[in-house]
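For reference, protein_25.tsv is printed below; it contains TSV, N, CA and C atoms.
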chain	number	residue	atom	x	y	z
T	9	MET	N	81.90	86.98	32.33
T	9	MET	CA	82.88	85.97	32.00
T	9	MET	C	83.82	85.78	33.17
T	10	ARG	N	84.36	84.58	33.31
T	10	ARG	CA	85.30	84.29	34.38
T	10	ARG	C	86.71	84.59	33.89
T	11	VAL	N	87.45	85.38	34.70
T	11	VAL	CA	88.85	85.68	34.39
T	11	VAL	C	89.68	85.49	35.65
T	12	ILE	N	90.95	85.20	35.44
T	12	ILE	CA	91.88	84.95	36.54
T	12	ILE	C	92.65	86.24	36.82
T	13	CYS	N	92.75	86.60	38.08
T	13	CYS	CA	93.54	87.76	38.48
T	13	CYS	C	95.02	87.40	38.33
T	14	PRO	N	95.80	88.19	37.58
T	14	PRO	CA	97.22	87.88	37.42
T	14	PRO	C	98.03	88.11	38.70
T	15	ASN	N	97.45	88.76	39.69
T	15	ASN	CA	98.16	89.04	40.94
T	15	ASN	C	97.94	87.97	42.00
T	16	CYS	N	96.68	87.65	42.29
T	16	CYS	CA	96.39	86.69	43.38
T	16	CYS	C	95.83	85.36	42.87
T	17	LEU	N	95.61	85.25	41.57
T	17	LEU	CA	95.11	84.04	40.90
T	17	LEU	C	93.68	83.67	41.29
T	18	SER	N	92.93	84.60	41.86
T	18	SER	CA	91.53	84.29	42.17
T	18	SER	C	90.68	84.47	40.92
T	19	ILE	N	89.54	83.80	40.91
T	19	ILE	CA	88.62	83.84	39.77
T	19	ILE	C	87.66	85.01	39.98
T	20	ASN	N	87.51	85.82	38.94
T	20	ASN	CA	86.61	86.97	38.99
T	20	ASN	C	85.57	86.86	37.89
T	21	ASN	N	84.35	87.27	38.19
T	21	ASN	CA	83.31	87.38	37.17
T	21	ASN	C	83.26	88.82	36.71
T	22	VAL	N	83.48	89.01	35.41
T	22	VAL	CA	83.54	90.35	34.84
T	22	VAL	C	82.57	90.40	33.66
T	23	PRO	N	81.77	91.46	33.54
T	23	PRO	CA	80.89	91.56	32.37
T	23	PRO	C	81.72	91.65	31.08
T	24	LYS	N	81.27	90.99	30.05
T	24	LYS	CA	82.01	90.99	28.78
T	24	LYS	C	81.71	92.29	28.03
T	25	LYS	N	82.79	93.05	27.73
T	25	LYS	CA	82.68	94.32	27.00
T	25	LYS	C	83.77	94.38	25.95
T	26	ASP	N	83.65	95.34	25.04
T	26	ASP	CA	84.70	95.54	24.04
T	26	ASP	C	85.92	96.21	24.65
T	27	SER	N	85.70	97.11	25.61
T	27	SER	CA	86.82	97.77	26.27
T	27	SER	C	86.43	98.08	27.72
T	28	TYR	N	87.44	98.29	28.54
T	28	TYR	CA	87.22	98.52	29.96
T	28	TYR	C	88.03	99.74	30.41
T	29	LEU	N	87.39	100.60	31.20
T	29	LEU	CA	88.10	101.72	31.79
T	29	LEU	C	88.71	101.31	33.12
T	30	LYS	N	88.00	100.41	33.83
T	30	LYS	CA	88.45	99.98	35.14
T	30	LYS	C	87.88	98.60	35.41
T	31	ALA	N	88.70	97.74	35.98
T	31	ALA	CA	88.24	96.41	36.42
T	31	ALA	C	89.23	95.94	37.48
T	32	ASN	N	88.75	95.78	38.70
T	32	ASN	CA	89.62	95.36	39.80
T	32	ASN	C	89.21	93.99	40.32
T	33	CYS	N	90.19	93.28	40.82
T	33	CYS	CA	89.96	91.97	41.41
T	33	CYS	C	89.10	92.11	42.66
T	34	GLY	N	88.12	91.24	42.81
T	34	GLY	CA	87.26	91.28	43.98
T	34	GLY	C	87.98	90.88	45.26
T	35	LYS	N	89.08	90.13	45.14
T	35	LYS	CA	89.80	89.66	46.33
T	35	LYS	C	90.94	90.59	46.72
T	36	CYS	N	91.89	90.83	45.81
T	36	CYS	CA	93.08	91.62	46.17
T	36	CYS	C	92.96	93.10	45.78
T	37	LYS	N	91.91	93.44	45.04
T	37	LYS	CA	91.62	94.83	44.62
T	37	LYS	C	92.61	95.39	43.58
T	38	GLU	N	93.56	94.57	43.11
T	38	GLU	CA	94.49	95.02	42.07
T	38	GLU	C	93.76	95.08	40.73
T	39	SER	N	94.28	95.86	39.80
T	39	SER	CA	93.65	96.02	38.50
T	39	SER	C	93.77	94.74	37.67
T	40	LEU	N	92.65	94.33	37.09
T	40	LEU	CA	92.65	93.19	36.17
T	40	LEU	C	93.13	93.62	34.79
T	41	LEU	N	93.28	94.93	34.59
T	41	LEU	CA	93.74	95.45	33.30
T	41	LEU	C	95.27	95.43	33.19
T	42	ASP	N	95.94	95.20	34.31
T	42	ASP	CA	97.40	95.12	34.32
T	42	ASP	C	97.78	93.67	33.98
T	43	ASN	N	97.66	93.34	32.71
T	43	ASN	CA	97.85	91.96	32.27
T	43	ASN	C	99.33	91.61	32.22
T	44	LYS	N	99.71	90.61	32.99
T	44	LYS	CA	101.09	90.14	32.99
T	44	LYS	C	101.06	88.62	33.07
T	45	PRO	N	102.12	87.97	32.59
T	45	PRO	CA	102.13	86.51	32.63
T	45	PRO	C	102.05	85.96	34.05
T	46	ILE	N	101.30	84.88	34.18
T	46	ILE	CA	101.11	84.17	35.44
T	46	ILE	C	102.05	82.96	35.42
T	47	ASN	N	102.72	82.70	36.53
T	47	ASN	CA	103.54	81.49	36.63
T	47	ASN	C	102.67	80.32	37.04
T	48	LEU	N	102.67	79.28	36.22
T	48	LEU	CA	101.87	78.10	36.50
T	48	LEU	C	102.73	76.99	37.07
T	49	SER	N	102.10	76.19	37.91
T	49	SER	CA	102.76	75.03	38.50
T	49	SER	C	101.79	73.86	38.40
T	50	ASP	N	102.25	72.71	38.80
T	50	ASP	CA	101.39	71.52	38.80
T	50	ASP	C	100.18	71.76	39.70
T	51	ALA	N	100.36	72.55	40.76
T	51	ALA	CA	99.29	72.80	41.73
T	51	ALA	C	98.17	73.68	41.18
T	52	ASN	N	98.48	74.62	40.27
T	52	ASN	CA	97.44	75.56	39.81
T	52	ASN	C	97.13	75.47	38.32
T	53	PHE	N	97.85	74.67	37.56
T	53	PHE	CA	97.71	74.62	36.10
T	53	PHE	C	96.27	74.34	35.68
T	54	ASP	N	95.73	73.20	36.13
T	54	ASP	CA	94.39	72.80	35.68
T	54	ASP	C	93.33	73.82	36.09
T	55	GLU	N	93.45	74.36	37.30
T	55	GLU	CA	92.46	75.33	37.78
T	55	GLU	C	92.44	76.58	36.90
T	56	ILE	N	93.60	77.08	36.51
T	56	ILE	CA	93.68	78.28	35.67
T	56	ILE	C	93.12	77.99	34.28
T	57	ILE	N	93.52	76.88	33.69
T	57	ILE	CA	93.09	76.53	32.33
T	57	ILE	C	91.57	76.32	32.29
T	58	VAL	N	91.03	75.58	33.24
T	58	VAL	CA	89.61	75.24	33.23
T	58	VAL	C	88.72	76.43	33.59
T	59	ASN	N	89.18	77.30	34.49
T	59	ASN	CA	88.33	78.38	34.98
T	59	ASN	C	88.42	79.68	34.20
T	60	SER	N	89.20	79.72	33.15
T	60	SER	CA	89.29	80.94	32.35
T	60	SER	C	88.38	80.82	31.13
T	61	GLU	N	87.48	81.77	30.99
T	61	GLU	CA	86.59	81.77	29.83
T	61	GLU	C	87.20	82.52	28.64
T	62	ILE	N	88.39	83.06	28.84
T	62	ILE	CA	89.11	83.69	27.73
T	62	ILE	C	90.30	82.79	27.41
T	63	PRO	N	90.87	82.91	26.20
T	63	PRO	CA	91.99	82.03	25.84
T	63	PRO	C	93.16	82.16	26.80
T	64	VAL	N	93.84	81.05	27.03
T	64	VAL	CA	95.04	81.02	27.87
T	64	VAL	C	96.21	80.64	26.99
T	65	ILE	N	97.20	81.52	26.90
T	65	ILE	CA	98.40	81.28	26.10
T	65	ILE	C	99.51	80.90	27.07
T	66	VAL	N	99.99	79.66	26.97
T	66	VAL	CA	100.98	79.15	27.91
T	66	VAL	C	102.32	78.99	27.20
T	67	ASP	N	103.34	79.61	27.78
T	67	ASP	CA	104.72	79.53	27.29
T	67	ASP	C	105.46	78.51	28.16
T	68	PHE	N	105.82	77.36	27.56
T	68	PHE	CA	106.64	76.37	28.25
T	68	PHE	C	108.09	76.72	27.94
T	69	TRP	N	108.90	76.95	28.97
T	69	TRP	CA	110.26	77.47	28.81
T	69	TRP	C	111.18	76.86	29.87
T	70	ALA	N	112.47	77.21	29.78
T	70	ALA	CA	113.44	76.81	30.81
T	70	ALA	C	114.48	77.92	30.95
T	71	PRO	N	115.03	78.10	32.14
T	71	PRO	CA	115.98	79.20	32.38
T	71	PRO	C	117.28	79.09	31.59
T	72	TRP	N	117.68	77.91	31.19
T	72	TRP	CA	118.93	77.71	30.45
T	72	TRP	C	118.77	77.88	28.94
T	73	CYS	N	117.55	78.09	28.47
T	73	CYS	CA	117.23	78.13	27.04
T	73	CYS	C	117.41	79.55	26.48
T	74	GLY	N	118.38	79.72	25.57
T	74	GLY	CA	118.64	81.02	24.95
T	74	GLY	C	117.42	81.62	24.25
T	75	PRO	N	116.77	80.86	23.32
T	75	PRO	CA	115.58	81.41	22.67
T	75	PRO	C	114.46	81.77	23.65
T	76	CYS	N	114.36	81.01	24.74
T	76	CYS	CA	113.35	81.32	25.76
T	76	CYS	C	113.63	82.67	26.41
T	77	LYS	N	114.91	82.93	26.69
T	77	LYS	CA	115.29	84.20	27.30
T	77	LYS	C	115.01	85.37	26.36
T	78	MET	N	115.24	85.16	25.06
T	78	MET	CA	114.97	86.22	24.09
T	78	MET	C	113.47	86.45	23.93
T	79	PHE	N	112.68	85.38	24.04
T	79	PHE	CA	111.24	85.47	23.83
T	79	PHE	C	110.50	86.04	25.05
T	80	ALA	N	111.04	85.88	26.24
T	80	ALA	CA	110.36	86.28	27.48
T	80	ALA	C	109.88	87.74	27.47
T	81	PRO	N	110.73	88.73	27.09
T	81	PRO	CA	110.23	90.12	27.10
T	81	PRO	C	109.16	90.36	26.04
T	82	ILE	N	109.23	89.66	24.93
T	82	ILE	CA	108.20	89.79	23.88
T	82	ILE	C	106.87	89.28	24.43
T	83	PHE	N	106.90	88.13	25.08
T	83	PHE	CA	105.69	87.52	25.65
T	83	PHE	C	105.06	88.48	26.67
T	84	THR	N	105.88	89.08	27.52
T	84	THR	CA	105.40	90.01	28.55
T	84	THR	C	104.81	91.27	27.92
T	85	GLU	N	105.47	91.82	26.91
T	85	GLU	CA	104.98	93.04	26.25
T	85	GLU	C	103.65	92.80	25.53
T	86	VAL	N	103.56	91.70	24.80
T	86	VAL	CA	102.32	91.40	24.07
T	86	VAL	C	101.19	91.15	25.06
T	87	ALA	N	101.47	90.53	26.19
T	87	ALA	CA	100.43	90.28	27.21
T	87	ALA	C	99.74	91.57	27.62
T	88	LYS	N	100.50	92.66	27.72
T	88	LYS	CA	99.94	93.95	28.15
T	88	LYS	C	98.87	94.47	27.19
T	89	LYS	N	98.89	94.02	25.94
T	89	LYS	CA	97.93	94.49	24.94
T	89	LYS	C	96.58	93.79	25.02
T	90	TYR	N	96.47	92.75	25.85
T	90	TYR	CA	95.25	91.94	25.85
T	90	TYR	C	94.59	91.81	27.23
T	91	PRO	N	94.41	92.92	27.96
T	91	PRO	CA	93.75	92.79	29.26
T	91	PRO	C	92.30	92.33	29.08
T	92	LEU	N	91.93	91.32	29.84
T	92	LEU	CA	90.58	90.73	29.83
T	92	LEU	C	90.20	90.15	28.46
T	93	LYS	N	91.19	89.92	27.62
T	93	LYS	CA	90.96	89.29	26.32
T	93	LYS	C	91.66	87.93	26.25
T	94	ALA	N	92.82	87.82	26.93
T	94	ALA	CA	93.58	86.57	26.97
T	94	ALA	C	94.42	86.53	28.23
T	95	VAL	N	94.63	85.32	28.74
T	95	VAL	CA	95.51	85.10	29.89
T	95	VAL	C	96.84	84.61	29.35
T	96	PHE	N	97.92	85.21	29.81
T	96	PHE	CA	99.26	84.78	29.42
T	96	PHE	C	99.89	84.10	30.63
T	97	ALA	N	100.44	82.92	30.41
T	97	ALA	CA	101.00	82.14	31.51
T	97	ALA	C	102.30	81.48	31.09
T	98	LYS	N	103.13	81.18	32.07
T	98	LYS	CA	104.44	80.57	31.81
T	98	LYS	C	104.61	79.34	32.69
T	99	VAL	N	105.23	78.30	32.10
T	99	VAL	CA	105.58	77.10	32.85
T	99	VAL	C	107.08	76.88	32.70
T	100	ASN	N	107.80	76.94	33.82
T	100	ASN	CA	109.22	76.65	33.83
T	100	ASN	C	109.36	75.13	33.83
T	101	THR	N	109.73	74.56	32.68
T	101	THR	CA	109.78	73.10	32.55
T	101	THR	C	110.91	72.48	33.37
T	102	GLU	N	111.86	73.29	33.78
T	102	GLU	CA	112.93	72.81	34.65
T	102	GLU	C	112.38	72.54	36.05
T	103	ALA	N	111.57	73.46	36.54
T	103	ALA	CA	110.99	73.35	37.88
T	103	ALA	C	109.74	72.47	37.87
T	104	GLU	N	109.02	72.46	36.77
T	104	GLU	CA	107.75	71.72	36.66
T	104	GLU	C	107.87	70.61	35.61
T	105	GLN	N	108.76	69.67	35.87
T	105	GLN	CA	109.02	68.60	34.90
T	105	GLN	C	107.79	67.73	34.65
T	106	THR	N	106.93	67.60	35.66
T	106	THR	CA	105.71	66.80	35.47
T	106	THR	C	104.82	67.41	34.39
T	107	LEU	N	104.69	68.73	34.40
T	107	LEU	CA	103.85	69.39	33.39
T	107	LEU	C	104.47	69.25	32.00
T	108	GLY	N	105.79	69.41	31.91
T	108	GLY	CA	106.45	69.22	30.62
T	108	GLY	C	106.19	67.85	30.05
T	109	GLY	N	106.25	66.82	30.90
T	109	GLY	CA	105.98	65.45	30.47
T	109	GLY	C	104.51	65.24	30.15
T	110	LYS	N	103.64	65.73	31.02
T	110	LYS	CA	102.19	65.55	30.85
T	110	LYS	C	101.70	66.15	29.53
T	111	TYR	N	102.27	67.29	29.14
T	111	TYR	CA	101.83	67.97	27.92
T	111	TYR	C	102.78	67.72	26.75
T	112	ASN	N	103.64	66.71	26.90
T	112	ASN	CA	104.47	66.23	25.80
T	112	ASN	C	105.30	67.34	25.16
T	113	ILE	N	105.96	68.13	26.00
T	113	ILE	CA	106.80	69.22	25.52
T	113	ILE	C	108.13	68.63	25.07
T	114	LYS	N	108.40	68.69	23.78
T	114	LYS	CA	109.61	68.09	23.21
T	114	LYS	C	110.70	69.14	22.98
T	115	SER	N	110.30	70.39	22.71
T	115	SER	CA	111.28	71.46	22.51
T	115	SER	C	110.73	72.72	23.16
T	116	ILE	N	111.65	73.62	23.49
T	116	ILE	CA	111.23	74.87	24.13
T	116	ILE	C	111.88	76.04	23.40
T	117	PRO	N	111.25	77.19	23.36
T	117	PRO	CA	109.92	77.45	23.92
T	117	PRO	C	108.83	76.79	23.08
T	118	THR	N	107.79	76.37	23.75
T	118	THR	CA	106.58	75.88	23.09
T	118	THR	C	105.40	76.67	23.65
T	119	LEU	N	104.57	77.16	22.76
T	119	LEU	CA	103.34	77.86	23.15
T	119	LEU	C	102.16	76.92	22.92
T	120	ILE	N	101.29	76.83	23.93
T	120	ILE	CA	100.04	76.10	23.77
T	120	ILE	C	98.91	77.07	24.09
T	121	ILE	N	97.93	77.12	23.20
T	121	ILE	CA	96.77	77.98	23.41
T	121	ILE	C	95.61	77.08	23.82
T	122	TYR	N	94.99	77.44	24.94
T	122	TYR	CA	93.83	76.72	25.45
T	122	TYR	C	92.62	77.63	25.34
T	123	LYS	N	91.52	77.06	24.92
T	123	LYS	CA	90.26	77.79	24.88
T	123	LYS	C	89.19	76.87	25.45
T	124	ASN	N	88.45	77.38	26.42
T	124	ASN	CA	87.44	76.59	27.12
T	124	ASN	C	88.04	75.31	27.70
T	125	GLY	N	89.26	75.41	28.20
T	125	GLY	CA	89.91	74.28	28.86
T	125	GLY	C	90.52	73.24	27.94
T	126	VAL	N	90.49	73.50	26.62
T	126	VAL	CA	90.98	72.52	25.65
T	126	VAL	C	92.11	73.13	24.82
T	127	GLU	N	93.14	72.33	24.56
T	127	GLU	CA	94.23	72.79	23.70
T	127	GLU	C	93.70	72.97	22.27
T	128	VAL	N	93.91	74.18	21.72
T	128	VAL	CA	93.44	74.45	20.35
T	128	VAL	C	94.59	74.69	19.38
T	129	LYS	N	95.78	75.00	19.90
T	129	LYS	CA	96.92	75.22	19.00
T	129	LYS	C	98.21	75.08	19.78
T	130	ARG	N	99.25	74.62	19.06
T	130	ARG	CA	100.57	74.44	19.67
T	130	ARG	C	101.61	74.89	18.65
T	131	ILE	N	102.57	75.69	19.12
T	131	ILE	CA	103.64	76.19	18.24
T	131	ILE	C	104.96	76.10	19.01
T	132	SER	N	105.97	75.53	18.37
T	132	SER	CA	107.30	75.48	18.98
T	132	SER	C	108.18	76.57	18.38
T	133	GLY	N	109.01	77.16	19.22
T	133	GLY	CA	109.93	78.21	18.77
T	133	GLY	C	109.46	79.59	19.19
T	134	ALA	N	110.42	80.49	19.31
T	134	ALA	CA	110.11	81.87	19.70
T	134	ALA	C	109.44	82.60	18.53
T	135	LEU	N	108.55	83.52	18.87
T	135	LEU	CA	107.85	84.31	17.88
T	135	LEU	C	108.21	85.78	18.05
T	136	ASP	N	108.13	86.54	16.96
T	136	ASP	CA	108.31	87.99	17.08
T	136	ASP	C	106.98	88.59	17.56
T	137	PRO	N	106.97	89.85	18.00
T	137	PRO	CA	105.74	90.44	18.55
T	137	PRO	C	104.54	90.38	17.61
T	138	LEU	N	104.76	90.62	16.31
T	138	LEU	CA	103.64	90.60	15.37
T	138	LEU	C	103.05	89.21	15.22
T	139	ARG	N	103.90	88.20	15.09
T	139	ARG	CA	103.40	86.82	14.95
T	139	ARG	C	102.67	86.37	16.21
T	140	LEU	N	103.19	86.75	17.38
T	140	LEU	CA	102.52	86.39	18.62
T	140	LEU	C	101.16	87.09	18.71
T	141	SER	N	101.11	88.36	18.37
T	141	SER	CA	99.83	89.10	18.39
T	141	SER	C	98.83	88.49	17.42
T	142	ASN	N	99.29	88.14	16.22
T	142	ASN	CA	98.41	87.51	15.24
T	142	ASN	C	97.87	86.18	15.75
T	143	LEU	N	98.72	85.42	16.42
T	143	LEU	CA	98.30	84.13	16.99
T	143	LEU	C	97.21	84.34	18.05
T	144	VAL	N	97.42	85.31	18.94
T	144	VAL	CA	96.43	85.59	19.99
T	144	VAL	C	95.12	86.05	19.35
T	145	ASN	N	95.21	86.90	18.34
T	145	ASN	CA	94.01	87.42	17.68
T	145	ASN	C	93.16	86.33	17.04
T	146	GLU	N	93.78	85.20	16.67
T	146	GLU	CA	93.03	84.09	16.10
T	146	GLU	C	91.99	83.53	17.08
T	147	PHE	N	92.26	83.67	18.37
T	147	PHE	CA	91.45	82.97	19.36
T	147	PHE	C	90.65	83.87	20.29
T	148	ILE	N	90.74	85.20	20.12
T	148	ILE	CA	89.93	86.07	21.00
T	148	ILE	C	88.66	86.50	20.29

Now, as a test, write the supplied structure out as structure tokens.
Amino acid sequence: MRVICPNCLSINNVPKKDSYLKANCGKCKESLLDNKPINLSDANFDEIIVNSEIPVIVDFWAPWCGPCKMFAPIFTEVAKKYPLKAVFAKVNTEAEQTLGGKYNIKSIPTLIIYKNGVEVKRISGALDPLRLSNLVNEFI
């Protein structure tokens, strides 16, 4: 399966397994198991969404948004539970206004889940860790 390295954003082919003891990026050699949110921009958004064979959970947020600030550590913690199962990504709608407009983001935080390059679910508002985990589990 194709997965995106959260460190250098290169595409890696990894055999699909239930669990992994070790998986390193072929380019930067960092661990692919260290799952952390990727910052997306207009320049890399489509490439990440299209080239990931695992679900991509995108958090559209802004630095001035109180609920976004409260949700950020939850998003980061839950991401750690899904190495090679889901990609977690963030779009700063303040810096990337084109993406906010293109994807019709009306309120923040908004989560969009993409699977096979297609939007499959959208939720507005911050989630607690259990609700976020349950949402991710729907699509892996």

*Between atom C of Lys129 of chain T and atom CA of Lys114 of chain T, what is the distance, to one decimal in Å?*
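Atom C of Lys129 of chain T sits 13.8 Å away from atom CA of Lys114 of chain T.
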
*Name the residues of segment 14-108 of chain T that fall into alpha helix (DSSP H) according to DSSP on the backbone, using the chain letters and numbers of this document, as a list in words.*
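Restricting segment 14-108 of chain T to alpha helix (DSSP H) produces Phe53, Asp54, Glu55, Ile56, Ile57, Val58, Asn59, Gly74, Pro75, Cys76, Lys77, Met78, Phe79, Ala80, Pro81, Ile82, Phe83, Thr84, Glu85, Val86, Ala87, Gln105, Thr106, Leu107 and Gly108 of chain T.
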
*Contacts of Thr101 of chain T at 5 Å or less, counting all atoms listed in the file, minus same-chain residues fewer than 2 places along, as a VMD selection string?*
chain T and resid 69 to 70 99 103 to 105

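For the pair atom CA of Asn21 of chain T and atom CA of Met9 of chain T, the separation is 5.4 Å.
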
*In terms of the shortest atom-to-atom distance over only C-alpha atoms, which of T:Tyr90, T:Phe96, T:Phe79, T:Tyr122 is closest to Asp136 of chain T?*
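Of T:Tyr90, T:Phe96, T:Phe79, T:Tyr122, the one nearest Asp136 of chain T is T:Phe79, counting only C-alpha atoms.
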